[in-house]
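K.L.:
Below you'll find the structure I mean.
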Amino acid sequence: MRVTKFTHSCLRLEGGDAVLVVDPGAFSERSALTGADAVLITHEHFDHLDVDGLADTVAQRPDLRVFAHPDVLPKLTAFADVVTPVEAGTEFTAAGFTVRAYGGQHAVIHPEIPRIANLGFLIADDSGSVYTPGDSFTAPDEHVDTLFVPLNAPWLKLSEAIEFVRAVKPGRAFALHDFLLTETGAQVSDGHLERLGGTRYARVAPGTTLD
């Protein structure tokens, strides 16, 4: 399994000739979708779902499969025939990877802002597992080799990110959801996670591929 971190919350996973992309949003590079066989969408927010970009990819690759919570489907009507609804607790195969969905709700931004559906995805093959939580701190009930931890968001406190890493106990962790931070702010958060997370942690530049 090879994982490439794109800008903000987008990940591209490759295993053999198969390509799985998670959360190709408006901040991420559309090149993440090149050659994709399947796409996972954690929730409907624009920084995780670029509908136009995904529609263009479906037009070029009609065999592409998209997996998302049923609440997200109204945004995907232009290519509804390639979309499969999934909910928390569902296990399925996407681009040859075994995927299990966790969670169900977006983290609280403010009590007056309605919460929406959100899924975390545990993605695995014979070489290991990757977990990406979307906009939540839902921890899976299985071992995680590589965790992507949200670093900055309107709904996030750094202490929650630290406790999330501690709860998951992954083999290693990398920053996710980091586009809105300045470099100085990111370095401050990085330092706390490196010291307090309890595992190997790093923030990598967009386009970095991890084996």
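We label chains A, B, ... in the order they appear in the structure tokens, count residues from 1 in each chain, and number ligands from 1 in the order shown.
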Can you check which parts of stretch 124-206 of chain A lie within 10 Å of stretch 103-119 of chain A? Per residue, the shortest pair of atoms and distance in Å to one decimal, counting only C-alpha atoms, sorted by chain and number, as JSON lines.

P.N.:
{"residue": "A:Thr132", "atom": "CA", "partner": "A:Leu119", "partner_atom": "CA", "distance": 9.0}
{"residue": "A:Pro133", "atom": "CA", "partner": "A:Leu119", "partner_atom": "CA", "distance": 6.7}
{"residue": "A:Gly134", "atom": "CA", "partner": "A:Leu119", "partner_atom": "CA", "distance": 6.3}
{"residue": "A:Asp135", "atom": "CA", "partner": "A:His106", "partner_atom": "CA", "distance": 5.5}
{"residue": "A:Ser136", "atom": "CA", "partner": "A:Ala107", "partner_atom": "CA", "distance": 4.9}
{"residue": "A:Phe137", "atom": "CA", "partner": "A:Ala107", "partner_atom": "CA", "distance": 7.4}
{"residue": "A:Thr138", "atom": "CA", "partner": "A:Gly103", "partner_atom": "CA", "distance": 5.6}
{"residue": "A:Ala139", "atom": "CA", "partner": "A:Gly103", "partner_atom": "CA", "distance": 8.0}
{"residue": "A:Pro140", "atom": "CA", "partner": "A:Gly103", "partner_atom": "CA", "distance": 8.4}
{"residue": "A:Ala153", "atom": "CA", "partner": "A:Ile109", "partner_atom": "CA", "distance": 8.9}
{"residue": "A:Pro154", "atom": "CA", "partner": "A:Ile109", "partner_atom": "CA", "distance": 6.1}
{"residue": "A:Trp155", "atom": "CA", "partner": "A:Ile109", "partner_atom": "CA", "distance": 4.3}
{"residue": "A:Leu156", "atom": "CA", "partner": "A:Ile109", "partner_atom": "CA", "distance": 8.0}

K.L.:
Among the residues of stretch 116-190 of chain A, find those DSSP assigns to strand (DSSP E or B) from the backbone and print them as a ChimeraX atom specification.

P.N.:
/A:117-125,128-132,146-150,172-176

K.L.:
Can I get the selection written as a PDB file, in the first residue's frame, with N, CA and C atoms?

P.N.:
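Result file is selection.pdb:
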ATOM      1  N   ALA A 117     -23.992  14.229   8.645  1.00  0.00           N
ATOM      2  CA  ALA A 117     -23.410  12.891   8.635  1.00  0.00           C
ATOM      3  C   ALA A 117     -21.923  12.958   8.311  1.00  0.00           C
ATOM      4  N   ASN A 118     -21.147  12.097   8.941  1.00  0.00           N
ATOM      5  CA  ASN A 118     -19.713  11.988   8.698  1.00  0.00           C
ATOM      6  C   ASN A 118     -19.275  10.554   8.972  1.00  0.00           C
ATOM      7  N   LEU A 119     -18.439  10.030   8.116  1.00  0.00           N
ATOM      8  CA  LEU A 119     -17.909   8.682   8.298  1.00  0.00           C
ATOM      9  C   LEU A 119     -16.386   8.716   8.353  1.00  0.00           C
ATOM     10  N   GLY A 120     -15.819   7.938   9.267  1.00  0.00           N
ATOM     11  CA  GLY A 120     -14.398   7.642   9.233  1.00  0.00           C
ATOM     12  C   GLY A 120     -14.208   6.334   8.486  1.00  0.00           C
ATOM     13  N   PHE A 121     -13.074   6.197   7.795  1.00  0.00           N
ATOM     14  CA  PHE A 121     -12.832   4.986   7.006  1.00  0.00           C
ATOM     15  C   PHE A 121     -11.528   4.324   7.423  1.00  0.00           C
ATOM     16  N   LEU A 122     -11.628   3.040   7.786  1.00  0.00           N
ATOM     17  CA  LEU A 122     -10.456   2.199   8.015  1.00  0.00           C
ATOM     18  C   LEU A 122     -10.228   1.390   6.752  1.00  0.00           C
ATOM     19  N   ILE A 123      -9.089   1.608   6.120  1.00  0.00           N
ATOM     20  CA  ILE A 123      -8.779   1.032   4.806  1.00  0.00           C
ATOM     21  C   ILE A 123      -7.611   0.071   4.976  1.00  0.00           C
ATOM     22  N   ALA A 124      -7.771  -1.152   4.506  1.00  0.00           N
ATOM     23  CA  ALA A 124      -6.750  -2.159   4.771  1.00  0.00           C
ATOM     24  C   ALA A 124      -6.509  -3.058   3.571  1.00  0.00           C
ATOM     25  N   ASP A 125      -5.281  -3.574   3.501  1.00  0.00           N
ATOM     26  CA  ASP A 125      -4.952  -4.688   2.615  1.00  0.00           C
ATOM     27  C   ASP A 125      -3.963  -5.567   3.362  1.00  0.00           C
ATOM     28  N   GLY A 128      -1.192  -3.657   5.539  1.00  0.00           N
ATOM     29  CA  GLY A 128      -1.447  -2.809   6.686  1.00  0.00           C
ATOM     30  C   GLY A 128      -2.753  -2.053   6.574  1.00  0.00           C
ATOM     31  N   SER A 129      -2.941  -1.072   7.469  1.00  0.00           N
ATOM     32  CA  SER A 129      -4.204  -0.331   7.516  1.00  0.00           C
ATOM     33  C   SER A 129      -3.958   1.162   7.686  1.00  0.00           C
ATOM     34  N   VAL A 130      -4.906   1.938   7.155  1.00  0.00           N
ATOM     35  CA  VAL A 130      -4.892   3.395   7.243  1.00  0.00           C
ATOM     36  C   VAL A 130      -6.264   3.839   7.744  1.00  0.00           C
ATOM     37  N   TYR A 131      -6.282   4.791   8.671  1.00  0.00           N
ATOM     38  CA  TYR A 131      -7.561   5.323   9.142  1.00  0.00           C
ATOM     39  C   TYR A 131      -7.596   6.828   8.944  1.00  0.00           C
ATOM     40  N   THR A 132      -8.685   7.290   8.324  1.00  0.00           N
ATOM     41  CA  THR A 132      -8.936   8.716   8.164  1.00  0.00           C
ATOM     42  C   THR A 132     -10.325   9.013   8.709  1.00  0.00           C
ATOM     43  N   THR A 146      -1.467   3.191  10.305  1.00  0.00           N
ATOM     44  CA  THR A 146      -1.213   4.592   9.960  1.00  0.00           C
ATOM     45  C   THR A 146      -2.478   5.409  10.188  1.00  0.00           C
ATOM     46  N   LEU A 147      -2.383   6.394  11.062  1.00  0.00           N
ATOM     47  CA  LEU A 147      -3.511   7.274  11.381  1.00  0.00           C
ATOM     48  C   LEU A 147      -3.275   8.647  10.772  1.00  0.00           C
ATOM     49  N   PHE A 148      -4.317   9.209  10.168  1.00  0.00           N
ATOM     50  CA  PHE A 148      -4.281  10.606   9.750  1.00  0.00           C
ATOM     51  C   PHE A 148      -5.129  11.400  10.737  1.00  0.00           C
ATOM     52  N   VAL A 149      -4.488  12.354  11.402  1.00  0.00           N
ATOM     53  CA  VAL A 149      -5.124  13.096  12.487  1.00  0.00           C
ATOM     54  C   VAL A 149      -5.404  14.531  12.053  1.00  0.00           C
ATOM     55  N   PRO A 150      -6.649  15.004  12.152  1.00  0.00           N
ATOM     56  CA  PRO A 150      -6.956  16.399  11.832  1.00  0.00           C
ATOM     57  C   PRO A 150      -6.153  17.343  12.720  1.00  0.00           C
ATOM     58  N   ARG A 172       1.903   4.808  13.624  1.00  0.00           N
ATOM     59  CA  ARG A 172       2.432   6.119  13.275  1.00  0.00           C
ATOM     60  C   ARG A 172       1.249   7.022  12.935  1.00  0.00           C
ATOM     61  N   ALA A 173       1.491   8.338  12.954  1.00  0.00           N
ATOM     62  CA  ALA A 173       0.420   9.290  12.661  1.00  0.00           C
ATOM     63  C   ALA A 173       0.963  10.413  11.786  1.00  0.00           C
ATOM     64  N   PHE A 174       0.078  10.916  10.919  1.00  0.00           N
ATOM     65  CA  PHE A 174       0.411  12.033  10.049  1.00  0.00           C
ATOM     66  C   PHE A 174      -0.710  13.072  10.119  1.00  0.00           C
ATOM     67  N   ALA A 175      -0.331  14.331   9.882  1.00  0.00           N
ATOM     68  CA  ALA A 175      -1.303  15.418   9.934  1.00  0.00           C
ATOM     69  C   ALA A 175      -2.243  15.392   8.737  1.00  0.00           C
ATOM     70  N   LEU A 176      -3.479  15.775   8.988  1.00  0.00           N
ATOM     71  CA  LEU A 176      -4.519  15.903   7.976  1.00  0.00           C
ATOM     72  C   LEU A 176      -5.311  17.171   8.307  1.00  0.00           C
TER      73      LEU A 176
END

K.L.:
Find the distance between atom CA of A:Gly53 and atom CA of A:His69 and write it in Å to one decimal.

P.N.:
18.8 Å

K.L.:
Counting only C-alpha atoms, figure out which residue out of A:Asp211, A:Asp126, A:Glu183, A:Asp141 gets nearest to A:Val168.

P.N.:
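Looking only at the distances to A:Val168, the closest residue turns out to be A:Asp141.
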
K.L.:
Neighbours of A:Ala95 within 6 Å (only C-alpha atoms; same-chain residues fewer than 2 positions away dropped), as an NGL selection string?

P.N.:
:A and (18 or 20 or 37-38 or 97)

K.L.:
Can I get the selected residues back with all heavy atoms, as a PDB file, in the first residue's frame?

P.N.:
ATOM      1  N   ALA A  18      -4.483  -0.745  -8.536  1.00  0.00           N
ATOM      2  CA  ALA A  18      -5.732  -0.127  -8.097  1.00  0.00           C
ATOM      3  C   ALA A  18      -5.467   1.180  -7.366  1.00  0.00           C
ATOM      4  O   ALA A  18      -4.465   1.327  -6.650  1.00  0.00           O
ATOM      5  CB  ALA A  18      -6.497  -1.083  -7.193  1.00  0.00           C
ATOM      6  N   LEU A  20      -7.425   4.160  -4.915  1.00  0.00           N
ATOM      7  CA  LEU A  20      -8.544   4.587  -4.085  1.00  0.00           C
ATOM      8  C   LEU A  20      -8.246   5.999  -3.574  1.00  0.00           C
ATOM      9  O   LEU A  20      -7.159   6.253  -3.037  1.00  0.00           O
ATOM     10  CB  LEU A  20      -8.716   3.630  -2.904  1.00  0.00           C
ATOM     11  CG  LEU A  20      -9.767   3.989  -1.848  1.00  0.00           C
ATOM     12  CD1 LEU A  20     -11.167   3.975  -2.452  1.00  0.00           C
ATOM     13  CD2 LEU A  20      -9.683   3.010  -0.675  1.00  0.00           C
ATOM     14  N   ASP A  37      -9.949   4.329  -9.272  1.00  0.00           N
ATOM     15  CA  ASP A  37     -10.931   3.259  -9.456  1.00  0.00           C
ATOM     16  C   ASP A  37     -12.119   3.414  -8.514  1.00  0.00           C
ATOM     17  O   ASP A  37     -13.224   2.966  -8.821  1.00  0.00           O
ATOM     18  CB  ASP A  37     -10.275   1.894  -9.210  1.00  0.00           C
ATOM     19  CG  ASP A  37      -9.159   1.614 -10.194  1.00  0.00           C
ATOM     20  OD1 ASP A  37      -9.457   1.487 -11.398  1.00  0.00           O
ATOM     21  OD2 ASP A  37      -7.992   1.549  -9.762  1.00  0.00           O
ATOM     22  N   ALA A  38     -11.877   4.046  -7.357  1.00  0.00           N
ATOM     23  CA  ALA A  38     -12.947   4.248  -6.382  1.00  0.00           C
ATOM     24  C   ALA A  38     -12.640   5.476  -5.543  1.00  0.00           C
ATOM     25  O   ALA A  38     -11.475   5.864  -5.380  1.00  0.00           O
ATOM     26  CB  ALA A  38     -13.107   3.027  -5.479  1.00  0.00           C
ATOM     27  N   PHE A  97      -9.321  -2.722  -1.838  1.00  0.00           N
ATOM     28  CA  PHE A  97      -9.066  -2.554  -0.412  1.00  0.00           C
ATOM     29  C   PHE A  97     -10.309  -2.939   0.390  1.00  0.00           C
ATOM     30  O   PHE A  97     -11.445  -2.739  -0.056  1.00  0.00           O
ATOM     31  CB  PHE A  97      -8.716  -1.094  -0.094  1.00  0.00           C
ATOM     32  CG  PHE A  97      -7.426  -0.621  -0.694  1.00  0.00           C
ATOM     33  CD1 PHE A  97      -7.416   0.076  -1.897  1.00  0.00           C
ATOM     34  CD2 PHE A  97      -6.223  -0.859  -0.049  1.00  0.00           C
ATOM     35  CE1 PHE A  97      -6.233   0.521  -2.452  1.00  0.00           C
ATOM     36  CE2 PHE A  97      -5.034  -0.414  -0.591  1.00  0.00           C
ATOM     37  CZ  PHE A  97      -5.031   0.269  -1.804  1.00  0.00           C
TER      38      PHE A  97
END

K.L.:
To one decimal place, how far is atom CA of A:Glu87 from atom CA of A:Arg100 in Å?

P.N.:
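Between atom CA of A:Glu87 and atom CA of A:Arg100 the gap is 9.3 Å.
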
K.L.:
Neighbours of A:Asp50 within 7 Å (only C-alpha atoms; same-chain residues fewer than 2 positions away dropped), as number ranges by chain?

P.N.:
A: 24-26, 46, 48, 52-54

K.L.:
Filtering to C-alpha atoms, could you give me those residues as a short mmCIF file (atom, residue, chain, number, x, y, z; two decimals), in the first residue's frame?

P.N.:
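As written to disk, again_33.cif reads:
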data_model
loop_
_atom_site.label_atom_id
_atom_site.label_comp_id
_atom_site.auth_asym_id
_atom_site.auth_seq_id
_atom_site.Cartn_x
_atom_site.Cartn_y
_atom_site.Cartn_z
CA PRO A 24 -11.02 14.97 -3.06
CA GLY A 25 -12.16 18.42 -1.95
CA ALA A 26 -11.94 21.96 -3.26
CA PHE A 46 -16.69 21.43 0.12
CA HIS A 48 -13.85 17.15 1.35
CA ASP A 52 -17.52 19.29 -10.20
CA GLY A 53 -14.09 17.69 -10.04
CA LEU A 54 -15.58 14.32 -9.20
#

K.L.:
So which one's closest to A:Ala94, A:Val39, A:Leu11, A:Leu151, A:Val58? Using only C-alpha atoms, please.

P.N.:
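With only C-alpha atoms as the atom set, the closest residue is A:Val39.
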
K.L.:
Would you compute the distance between atom CA of A:Val165 and atom CA of A:Leu180? Give it in Å to one decimal.

P.N.:
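If I compute the distance from atom CA of A:Val165 to atom CA of A:Leu180, I get 20.6 Å.
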
K.L.:
For the structure I just gave you, how does DSSP split stretch 1-186 of chain A - specifically, which residues are helix (DSSP H, G or I)? Reply as JSON, numbers by chain.

P.N.:
{"A": [30, 31, 32, 33, 51, 52, 53, 54, 55, 56, 57, 58, 59, 60, 70, 71, 72, 73, 74, 75, 76, 77, 78, 79, 80, 81, 82, 158, 159, 160, 161, 162, 163, 164, 165, 166, 167, 168, 183, 184, 185, 186]}

K.L.:
Restricting it to C-alpha atoms, dump the selection as a compact mmCIF listing (two decimals), in the first residue's frame.

P.N.:
# COMPACT_ATOMS: atom_id res chain seq x y z
CA ARG A 30 -7.56 17.33 -8.99
CA SER A 31 -4.60 15.23 -10.07
CA ALA A 32 -5.31 13.08 -7.01
CA LEU A 33 -8.18 11.57 -9.01
CA VAL A 51 -18.60 17.78 -6.86
CA ASP A 52 -17.52 19.29 -10.20
CA GLY A 53 -14.09 17.69 -10.04
CA LEU A 54 -15.58 14.32 -9.20
CA ALA A 55 -18.16 14.64 -12.00
CA ASP A 56 -15.36 15.32 -14.50
CA THR A 57 -13.55 12.20 -13.33
CA VAL A 58 -16.68 10.05 -13.61
CA ALA A 59 -17.18 11.32 -17.17
CA GLN A 60 -13.67 10.15 -18.03
CA PRO A 70 -26.85 8.31 2.19
CA ASP A 71 -27.16 11.95 3.33
CA VAL A 72 -24.48 12.95 0.81
CA LEU A 73 -26.27 11.38 -2.17
CA PRO A 74 -28.40 14.47 -3.03
CA LYS A 75 -25.16 16.24 -3.95
CA LEU A 76 -24.14 13.38 -6.26
CA THR A 77 -27.23 13.11 -8.46
CA ALA A 78 -25.29 13.95 -11.64
CA PHE A 79 -23.55 10.59 -11.38
CA ALA A 80 -25.87 8.68 -9.04
CA ASP A 81 -25.47 5.45 -11.01
CA VAL A 82 -21.89 5.01 -9.77
CA LEU A 158 -5.47 20.61 19.69
CA SER A 159 -6.01 18.77 22.97
CA GLU A 160 -8.70 16.70 21.20
CA ALA A 161 -6.28 15.79 18.42
CA ILE A 162 -3.71 14.65 20.97
CA GLU A 163 -6.26 12.56 22.87
CA PHE A 164 -7.48 11.07 19.58
CA VAL A 165 -3.99 9.83 18.72
CA ARG A 166 -3.59 8.43 22.22
CA ALA A 167 -6.95 6.63 21.98
CA VAL A 168 -6.21 5.04 18.59
CA GLU A 183 3.38 27.40 8.70
CA THR A 184 4.16 28.89 12.11
CA GLY A 185 0.86 27.68 13.56
CA ALA A 186 1.39 24.22 12.12

K.L.:
Set the distance at 6 Å and use only C-alpha atoms: which residues neighbour A:Pro206 once local chain neighbours fewer than 5 positions away are removed? I'd like the list as a ChimeraX atom specification.

P.N.:
/A:5-7

K.L.:
Rank A:Tyr102, A:Phe67, A:Phe92, A:Phe27 by their smallest atom-to-atom distance to A:His8, using only C-alpha atoms, and report the top residue only.

P.N.:
A:Phe27

K.L.:
Can you work out which one of A:Ala101, A:Lys157, A:Leu210, A:Gly35 has the shortest atom-to-atom distance to A:Ser189, counting only C-alpha atoms?

P.N.:
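Answer, going by the shortest atom-to-atom distance: A:Lys157.
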